[in-house]
>>> print(open('run.cif').read())   # mmCIF, C-alpha atoms
data_entry
#
loop_
_atom_site.label_atom_id
_atom_site.label_comp_id
_atom_site.auth_asym_id
_atom_site.auth_seq_id
_atom_site.Cartn_x
_atom_site.Cartn_y
_atom_site.Cartn_z
CA MET A 1 118.62 122.91 109.69
CA ALA A 2 115.36 122.05 107.96
CA ARG A 3 114.40 124.13 104.95
CA SER A 4 111.42 126.38 105.61
CA ASP A 5 109.96 125.70 102.14
CA VAL A 6 109.83 121.93 102.65
CA PRO A 7 106.52 120.71 104.14
CA ASP A 8 106.69 118.92 107.46
CA TYR A 9 104.79 115.89 106.21
CA LEU A 10 104.87 113.87 109.43
CA HIS A 11 103.77 116.79 111.60
CA ASP A 12 100.83 117.53 109.29
CA GLU A 13 99.49 113.96 109.27
CA THR A 14 96.43 112.87 111.23
CA HIS A 15 96.36 109.13 111.97
CA ILE A 16 92.85 107.72 112.15
CA THR A 17 93.84 104.12 112.93
CA GLY A 18 96.93 104.85 115.01
CA GLY A 19 100.62 104.96 114.16
CA PRO A 20 102.98 102.17 113.13
CA SER A 21 103.50 99.14 115.32
CA ARG A 22 106.85 98.60 116.98
CA ASP A 23 106.58 94.85 117.31
CA HIS A 24 108.21 92.41 114.88
CA GLY A 25 108.99 91.82 111.21
CA ARG A 26 110.47 95.16 110.23
CA CYS A 27 108.95 96.18 106.88
CA VAL A 28 109.25 99.30 104.78
CA LEU A 29 106.40 100.02 102.37
CA VAL A 30 107.90 101.59 99.24
CA PHE A 31 105.88 103.65 96.79
CA PRO A 32 108.22 104.55 93.89
CA ASN A 33 106.70 107.96 93.34
CA SER A 34 106.23 111.15 95.37
CA TYR A 35 104.71 111.42 98.84
CA GLU A 36 101.77 113.34 97.37
CA ALA A 37 101.00 110.55 94.89
CA GLY A 38 101.61 107.75 97.39
CA MET A 39 99.39 109.15 100.12
CA SER A 40 96.61 109.58 97.55
CA SER A 41 96.70 105.81 97.02
CA LEU A 42 94.36 103.57 99.01
CA SER A 43 96.79 100.71 98.39
CA VAL A 44 99.45 102.49 100.46
CA GLN A 45 96.96 103.60 103.09
CA THR A 46 95.27 100.26 103.67
CA LEU A 47 98.40 98.09 103.50
CA TYR A 48 100.22 100.36 105.96
CA SER A 49 97.29 100.20 108.38
CA ALA A 50 96.56 96.48 107.92
CA LEU A 51 100.12 95.40 108.68
CA SER A 52 100.50 97.79 111.60
CA VAL A 53 97.37 96.58 113.40
CA ARG A 54 98.57 92.98 112.94
CA GLY A 55 101.75 93.64 114.88
CA VAL A 56 104.10 94.10 111.92
CA THR A 57 106.49 97.03 112.13
CA CYS A 58 105.67 98.98 108.97
CA GLU A 59 107.26 102.24 107.88
CA ARG A 60 106.93 104.10 104.58
CA CYS A 61 109.27 105.27 101.86
CA PHE A 62 108.60 107.49 98.86
CA ARG A 63 110.68 108.62 95.90
CA PRO A 64 113.07 111.39 96.96
CA PRO A 65 112.49 114.71 95.18
CA GLU A 66 116.14 115.17 94.16
CA ARG A 67 117.78 113.44 91.20
CA PRO A 68 120.04 111.56 91.19
CA PHE A 69 118.93 110.08 94.48
CA GLY A 70 121.15 110.51 97.50
CA THR A 71 120.32 108.07 100.29
CA VAL A 72 116.85 106.57 100.43
CA ARG A 73 115.50 106.16 103.94
CA SER A 74 112.22 105.35 105.63
CA PHE A 75 109.78 108.14 106.29
CA GLU A 76 109.22 107.51 109.99
CA THR A 77 112.69 106.80 111.42
CA GLY A 78 115.11 107.61 108.60
CA THR A 79 116.34 104.01 108.37
CA LEU A 80 118.05 102.90 105.16
CA LEU A 81 116.03 100.39 103.15
CA GLY A 82 118.78 97.85 103.75
CA GLY A 83 118.13 98.04 107.49
CA PHE A 84 114.72 96.36 107.19
CA ASP A 85 113.79 92.69 106.94
CA PHE A 86 111.35 93.27 104.06
CA VAL A 87 110.93 95.85 101.34
CA LEU A 88 107.28 95.84 100.23
CA VAL A 89 106.69 97.66 96.95
CA THR A 90 103.20 98.72 95.90
CA SER A 91 102.76 100.21 92.45
CA SER A 92 99.87 101.42 90.35
CA PHE A 93 101.85 102.60 87.32
CA GLU A 94 104.52 100.82 85.28
CA LEU A 95 106.52 104.00 84.68
CA ASP A 96 107.16 104.21 88.44
CA TRP A 97 109.23 101.03 88.10
CA LEU A 98 111.96 103.13 86.49
CA ASN A 99 112.57 104.65 89.94
CA LEU A 100 112.76 101.33 91.77
CA PRO A 101 116.33 100.12 90.97
CA ALA A 102 117.81 103.50 91.86
CA MET A 103 115.78 103.69 95.08
CA LEU A 104 116.90 100.21 96.15
CA GLU A 105 120.54 100.94 95.41
CA ALA A 106 120.43 104.31 97.21
CA GLY A 107 118.83 102.53 100.17
CA GLY A 108 121.59 99.94 100.46
CA VAL A 109 119.76 97.09 98.71
CA PRO A 110 121.26 95.54 95.53
CA PRO A 111 118.64 96.03 92.81
CA LEU A 112 119.04 92.58 91.22
CA ARG A 113 117.77 89.56 93.13
CA SER A 114 120.85 87.57 92.05
CA GLU A 115 123.10 90.09 93.83
CA ARG A 116 121.32 89.90 97.18
CA THR A 117 122.25 87.54 100.02
CA GLU A 118 120.70 86.55 103.32
CA ILE A 119 121.91 89.82 104.89
CA HIS A 120 119.68 91.86 102.56
CA PRO A 121 115.93 92.37 102.93
CA MET A 122 113.51 90.43 100.77
CA VAL A 123 111.78 92.52 98.12
CA ILE A 124 108.08 91.75 97.56
CA ALA A 125 106.04 93.71 94.99
CA GLY A 126 102.32 94.06 94.48
CA GLY A 127 99.65 96.44 93.26
CA PRO A 128 97.56 96.88 90.09
CA ALA A 129 100.53 97.29 87.74
CA VAL A 130 102.21 94.18 89.15
CA THR A 131 99.03 92.13 88.84
CA CYS A 132 98.73 93.25 85.23
CA ASN A 133 102.25 92.15 84.22
CA PRO A 134 104.88 91.21 86.83
CA GLU A 135 107.43 89.94 84.29
CA PRO A 136 109.46 93.19 83.94
CA LEU A 137 110.19 92.98 87.69
CA ALA A 138 111.15 89.31 87.69
CA ASP A 139 114.90 89.96 88.02
CA LEU A 140 114.44 92.62 90.72
CA VAL A 141 112.04 91.11 93.25
CA ASP A 142 111.91 87.97 95.35
CA ALA A 143 108.13 87.64 95.00
CA CYS A 144 105.19 89.28 93.25
CA TRP A 145 101.70 89.37 94.72
CA ILE A 146 99.14 88.75 91.99
CA GLY A 147 95.71 90.21 92.69
CA GLU A 148 94.19 91.37 95.96
CA ILE A 149 95.94 90.85 99.27
CA GLU A 150 93.01 90.68 101.68
CA PRO A 151 92.16 86.94 101.41
CA LEU A 152 95.67 85.95 102.53
CA LEU A 153 96.54 89.04 104.56
CA ASP A 154 96.47 87.26 107.93
CA PRO A 155 98.88 84.43 106.99
CA LEU A 156 101.13 86.89 105.14
CA ALA A 157 101.28 89.24 108.15
CA ALA A 158 102.00 86.29 110.44
CA LEU A 159 104.81 85.21 108.12
CA LEU A 160 106.37 88.68 108.05
CA ARG A 161 105.97 89.05 111.80
CA ASP A 162 107.06 85.66 113.09
CA ALA A 163 109.46 84.10 110.56
CA ALA A 164 112.88 83.47 112.09
CA SER A 165 114.90 83.31 108.87
CA ARG A 166 114.86 84.16 105.19
CA GLU A 167 114.50 80.47 104.37
CA GLU A 168 111.38 80.28 106.53
CA VAL A 169 109.87 83.25 104.72
CA GLU A 170 110.63 81.74 101.32
CA GLU A 171 109.05 78.44 102.38
CA GLY A 172 106.01 80.30 103.70
CA LEU A 173 105.56 82.24 100.47
CA ARG A 174 105.99 79.04 98.51
CA ALA A 175 103.29 77.40 100.64
CA LEU A 176 100.92 80.28 99.87
CA SER A 177 101.52 79.69 96.16
CA VAL A 178 101.12 75.91 96.23
CA PRO A 179 98.41 74.72 93.82
CA ALA A 180 95.19 74.00 95.69
CA ASP A 181 94.02 71.37 93.20
CA GLY A 182 97.33 70.05 91.95
CA ALA A 183 96.85 71.59 88.52
CA THR A 184 96.61 75.36 88.67
CA GLY A 185 98.09 77.94 90.99
CA ARG A 186 96.28 78.47 94.25
CA ALA A 187 96.65 82.19 93.57
CA GLY A 188 98.47 85.17 94.82
CA VAL A 189 102.23 84.58 94.87
CA TYR A 190 104.58 84.54 91.87
CA LEU A 191 108.13 83.51 92.82
CA PRO A 192 110.39 84.17 89.80
CA HIS A 193 113.31 82.17 91.23
CA LEU A 194 111.36 78.90 91.41
CA PRO A 195 111.99 76.51 88.51
CA GLU A 196 108.26 75.90 88.09
CA HIS A 197 107.63 79.64 87.75
CA ALA A 198 110.54 80.33 85.37
CA PRO A 199 109.47 82.27 82.24
CA GLU A 200 111.58 80.04 79.97
CA ARG A 201 109.24 77.11 80.72
CA ALA A 202 106.56 78.93 78.73
CA ASP A 203 103.32 76.91 78.67
CA GLU A 204 104.72 74.34 81.12
CA ARG A 205 105.24 76.82 83.95
CA THR A 206 102.98 76.63 87.00
CA ARG A 207 100.10 79.02 86.65
CA VAL A 208 99.56 81.64 89.37
CA ARG A 209 95.97 82.75 89.37
CA ARG A 210 94.82 86.22 90.35
CA LEU A 211 93.69 86.35 93.96
CA PHE A 212 90.47 88.19 94.76
CA ALA A 213 88.25 88.65 97.80
CA GLU A 214 84.77 87.22 97.34
CA ASP A 215 83.23 89.34 100.11
CA VAL A 216 84.54 92.91 100.32
CA SER A 217 82.18 93.68 103.21
CA ALA A 218 84.51 91.58 105.42
CA PHE A 219 87.04 94.43 105.44
CA SER A 220 87.22 98.15 104.72
CA THR A 221 89.50 99.88 102.22
CA GLU A 222 89.91 103.42 103.49
CA SER A 223 92.27 106.21 104.48
CA ALA A 224 94.35 105.51 107.57
CA ILE A 225 96.08 108.89 107.46
CA ILE A 226 94.69 112.28 106.50
CA THR A 227 97.12 114.90 105.22
CA PRO A 228 96.89 118.23 103.38
CA HIS A 229 99.77 117.24 101.10
CA THR A 230 97.87 115.10 98.58
CA THR A 231 95.58 115.61 95.62
CA PHE A 232 92.68 114.77 97.95
CA ALA A 233 93.79 117.15 100.70
CA ASN A 234 92.36 116.49 104.17
CA ARG A 235 89.80 114.09 102.73
CA PHE A 236 88.79 110.68 104.07
CA LEU A 237 88.67 108.23 101.15
CA ILE A 238 86.71 105.00 101.27
CA GLU A 239 86.21 102.36 98.61
CA ILE A 240 82.50 101.69 98.08
CA SER A 241 82.86 98.98 95.43
CA ARG A 242 85.46 96.99 93.55
CA GLY A 243 85.33 95.89 89.95
CA CYS A 244 82.84 96.87 87.27
CA ARG A 245 79.64 95.40 85.86
CA ARG A 246 80.67 96.26 82.31
CA THR A 247 82.83 93.95 80.19
CA CYS A 248 84.89 96.42 78.16
CA LYS A 249 87.82 94.48 76.68
CA PHE A 250 90.13 97.51 76.61
CA CYS A 251 89.79 98.26 80.33
CA LEU A 252 92.59 97.06 82.62
CA ALA A 253 90.60 97.74 85.78
CA ARG A 254 87.84 95.42 84.64
CA GLY A 255 90.40 92.71 83.97
CA ILE A 256 92.22 92.82 87.31
CA TYR A 257 89.31 93.69 89.63
CA HIS A 258 86.42 91.57 88.39
CA PRO A 259 83.94 90.38 89.53
CA PHE A 260 82.01 93.44 90.62
CA ARG A 261 81.55 93.62 94.40
CA ALA A 262 79.84 96.34 96.44
CA ARG A 263 79.89 97.20 100.12
CA PRO A 264 76.58 97.73 101.97
CA PRO A 265 75.58 101.34 102.79
CA GLN A 266 75.38 100.76 106.55
CA MET A 267 78.95 99.50 106.69
CA LEU A 268 80.19 102.51 104.76
CA LEU A 269 78.32 104.95 106.99
CA GLU A 270 79.74 103.31 110.12
CA ARG A 271 83.29 103.63 108.78
CA ILE A 272 82.72 107.24 107.72
CA ASP A 273 81.40 108.05 111.21
CA GLN A 274 84.79 106.99 112.60
CA ALA A 275 86.51 109.60 110.44
CA LEU A 276 84.16 112.54 110.99
CA PRO A 277 85.93 113.73 114.20
CA HIS A 278 89.02 114.28 112.01
CA THR A 279 87.52 115.70 108.82
CA ASP A 280 84.18 116.55 107.25
CA ARG A 281 85.42 115.85 103.73
CA VAL A 282 84.69 112.37 102.35
CA GLY A 283 85.59 110.85 99.00
CA LEU A 284 83.82 107.79 97.59
CA VAL A 285 86.15 105.56 95.55
CA GLY A 286 85.29 102.88 93.03
CA THR A 287 86.04 101.74 89.51
CA SER A 288 82.41 102.32 88.57
CA THR A 289 80.60 104.16 91.36
CA ALA A 290 77.45 104.45 89.25
CA CYS A 291 77.10 100.65 89.50
CA TRP A 292 77.27 100.65 93.29
CA SER A 293 74.79 98.67 95.36
CA GLU A 294 73.08 96.40 92.89
CA GLY A 295 72.84 98.83 90.03
CA ARG A 296 71.68 101.84 92.02
CA THR A 297 73.60 105.09 91.98
CA CYS A 298 75.35 106.65 94.97
CA ARG A 299 72.46 109.06 95.51
CA SER A 300 71.20 107.36 98.67
CA LEU A 301 74.65 107.39 100.24
CA ARG A 302 75.24 111.01 99.30
CA CYS A 303 71.91 111.95 100.87
CA ALA A 304 72.84 110.11 104.06
CA LEU A 305 76.17 111.94 104.19
CA ARG A 306 74.47 115.32 103.80
CA ALA A 307 72.16 114.40 106.69
#
>>> encode(input="run.cif", output="structure tokens")
Amino acid sequence: MARSDVPDYLHDETHITGGPSRDHGRCVLVFPNSYEAGMSSLSVQTLYSALSVRGVTCERCFRPPERPFGTVRSFETGTLLGGFDFVLVTSSFELDWLNLPAMLEAGGVPPLRSERTEIHPMVIAGGPAVTCNPEPLADLVDACWIGEIEPLLDPLAALLRDAASREEVEEGLRALSVPADGATGRAGVYLPHLPEHAPERADERTRVRRLFAEDVSAFSTESAIITPHTTFANRFLIEISRGCRRTCKFCLARGIYHPFRARPPQMLLERIDQALPHTDRVGLVGTSTACWSEGRTCRSLRCALRA
């Protein structure tokens, strides 16, 4: 019997872009922190939606509240992590990585890459913390995504959806990481098991450059699910810009999100209109919202929203 003091998270969710696909390439999107923290993250929201609309079966998994962890299962169907083809980890904070080995083990997936075989899912990690420094995860994951996912989202989704074997996936990821000019990494995919990516090669290792989208108006980064069980309860979040015009050396966000890119007001208003039937609360997200739209403030957009 369900406990009356435990929120019914699934029942309380409102899907704006539809539920998960039930097509191919079974993936579980793991956020190694609580449901409340994970569903406040636009990384979780947009990746879940983007893969689902591209025909990839994508479920979610969050850190269980009890410690030590019992069994770790997917949010939608209660499937053990080991029952999926891919475990996709998105992380914004390094301290969350402390939960990852225990979550994998409790989900039926050996934490160390060297202990996994072809019967286990591949573990692919990404997110701001991974882009900053993927090396602490090198023994745990099969691949790290460095930078933003949108420029290669279509070929990655096709790979997850259509690959017939683990070897085919590994070859596909390796193709995505092949140097474009024969000298430096094309960008995006760090494969710790490859000899050319091995840390012990030091300066001789193949460089993997940070991947970034040149035109953020080609896609929208926004809430796919609205829920009361987050810090931003029942609020539609939308990213209005990415990066920052300032060059502060101490700022991680400036380092991993530059250059500064802004979305046009009309695009934002059109996306917000799609959410208004579900909520009248809107949150504008950006590293430096005061720099939005060619140095102007958000005043014009706020006025349009009030209207």
>>> closest_residue(input="run.cif", among="A:Gln45, A:Thr14, A:Ser34, A:Ser40", to="Thr231 in chain A", atoms="all atoms listed in the file")
A:Ser40
>>> residues_around(input="run.cif", residues="range 53-70 of chain A", least_positions_apart="6", cutoff="9 Å", atoms="all atoms listed in the file", output="ChimeraX atom specification")
/A:17-18,20-35,38,44,76-77,81,99-100,102-103,106-107,154,157-158,160-161
>>> closest_residue(input="run.cif", among="A:Thr46, A:Ser74, A:Ser288, A:Ser220", to="Thr247 in chain A", atoms="only C-alpha atoms")
A:Ser288
>>> closest_residue(input="run.cif", among="A:Arg281, A:Cys144, A:Ala163, A:Gly172", to="Pro228 in chain A", atoms="all atoms listed in the file")
A:Arg281
>>> closest_residue(input="run.cif", among="A:Cys251, A:Ala138, A:Ala37, A:Leu47", to="Leu156 in chain A", atoms="only C-alpha atoms")
A:Leu47
>>> atom_distance(input="run.cif", atom1="CA of Leu159 in chain A", atom2="CA of Glu239 in chain A")
27.0 Å
>>> closest_residue(input="run.cif", among="A:Val109, A:Ala290, A:Ala224, A:Val208", to="Arg242 in chain A", atoms="all atoms listed in the file")
A:Ala290
>>> atom_distance(input="run.cif", atom1="CA of Glu105 in chain A", atom2="CA of Gly83 in chain A")
12.7 Å
>>> closest_residue(input="run.cif", among="A:Ile146, A:Ile240, A:Leu51, A:Ala164", to="Phe260 in chain A", atoms="all atoms listed in the file")
A:Ile240
>>> resolve_selection(input="run.cif", expression="the PyMOL selection byres ((chain A and resi 127) around 7)", output="PyMOL selection string")
chain A and resi 90-92+126+128-131
>>> atom_distance(input="run.cif", atom1="CA of Ala262 in chain A", atom2="CA of Gly283 in chain A")
15.8 Å
>>> residues_near_point(input="run.cif", point="(112.2, 82.1, 84.0)", cutoff="12 Å", atoms="only C-alpha atoms", output="list of chain:residue names")
A:Glu135, A:Pro136, A:Leu137, A:Ala138, A:Asp139, A:Tyr190, A:Leu191, A:Pro192, A:His193, A:Leu194, A:Pro195, A:Glu196, A:His197, A:Ala198, A:Pro199, A:Glu200, A:Arg201, A:Ala202, A:Asp203, A:Glu204, A:Arg205, A:Thr206
>>> residues_around(input="run.cif", residues="His258 in chain A", least_positions_apart="4", cutoff="8 Å", atoms="only C-alpha atoms", output="list in words")
Arg242, Gly243, Cys244, Ala253 and Arg254 of chain A
>>> resolve_selection(input="run.cif", expression="the PyMOL selection byres ((chain A and resi 82) around 9)", output="PyMOL selection string")
chain A and resi 73+79-81+83-87+104+107-110+119-121
>>> residues_around(input="run.cif", residues="Thr221 in chain A", least_positions_apart="5", cutoff="12 Å", atoms="only C-alpha atoms", output="compact mmCIF listing (two decimals) with C-alpha atoms, keeping the file's coordinate frame")
# COMPACT_ATOMS: atom_id res chain seq x y z
CA SER A 41 96.70 105.81 97.02
CA LEU A 42 94.36 103.57 99.01
CA SER A 43 96.79 100.71 98.39
CA VAL A 44 99.45 102.49 100.46
CA GLN A 45 96.96 103.60 103.09
CA THR A 46 95.27 100.26 103.67
CA LEU A 47 98.40 98.09 103.50
CA TYR A 48 100.22 100.36 105.96
CA SER A 49 97.29 100.20 108.38
CA ALA A 50 96.56 96.48 107.92
CA GLU A 148 94.19 91.37 95.96
CA ILE A 149 95.94 90.85 99.27
CA GLU A 150 93.01 90.68 101.68
CA VAL A 216 84.54 92.91 100.32
CA PHE A 236 88.79 110.68 104.07
CA LEU A 237 88.67 108.23 101.15
CA ILE A 238 86.71 105.00 101.27
CA GLU A 239 86.21 102.36 98.61
CA ILE A 240 82.50 101.69 98.08
CA SER A 241 82.86 98.98 95.43
CA ARG A 242 85.46 96.99 93.55
CA ALA A 262 79.84 96.34 96.44
CA ARG A 263 79.89 97.20 100.12
CA MET A 267 78.95 99.50 106.69
CA LEU A 268 80.19 102.51 104.76
CA ARG A 271 83.29 103.63 108.78
CA ILE A 272 82.72 107.24 107.72
CA LEU A 284 83.82 107.79 97.59
CA VAL A 285 86.15 105.56 95.55
CA GLY A 286 85.29 102.88 93.03
>>> residues_near_point(input="run.cif", point="(89.5, 111.2, 109.0)", cutoff="7 Å", atoms="all atoms listed in the file", output="ChimeraX atom specification")
/A:16,226,235-236,275-279
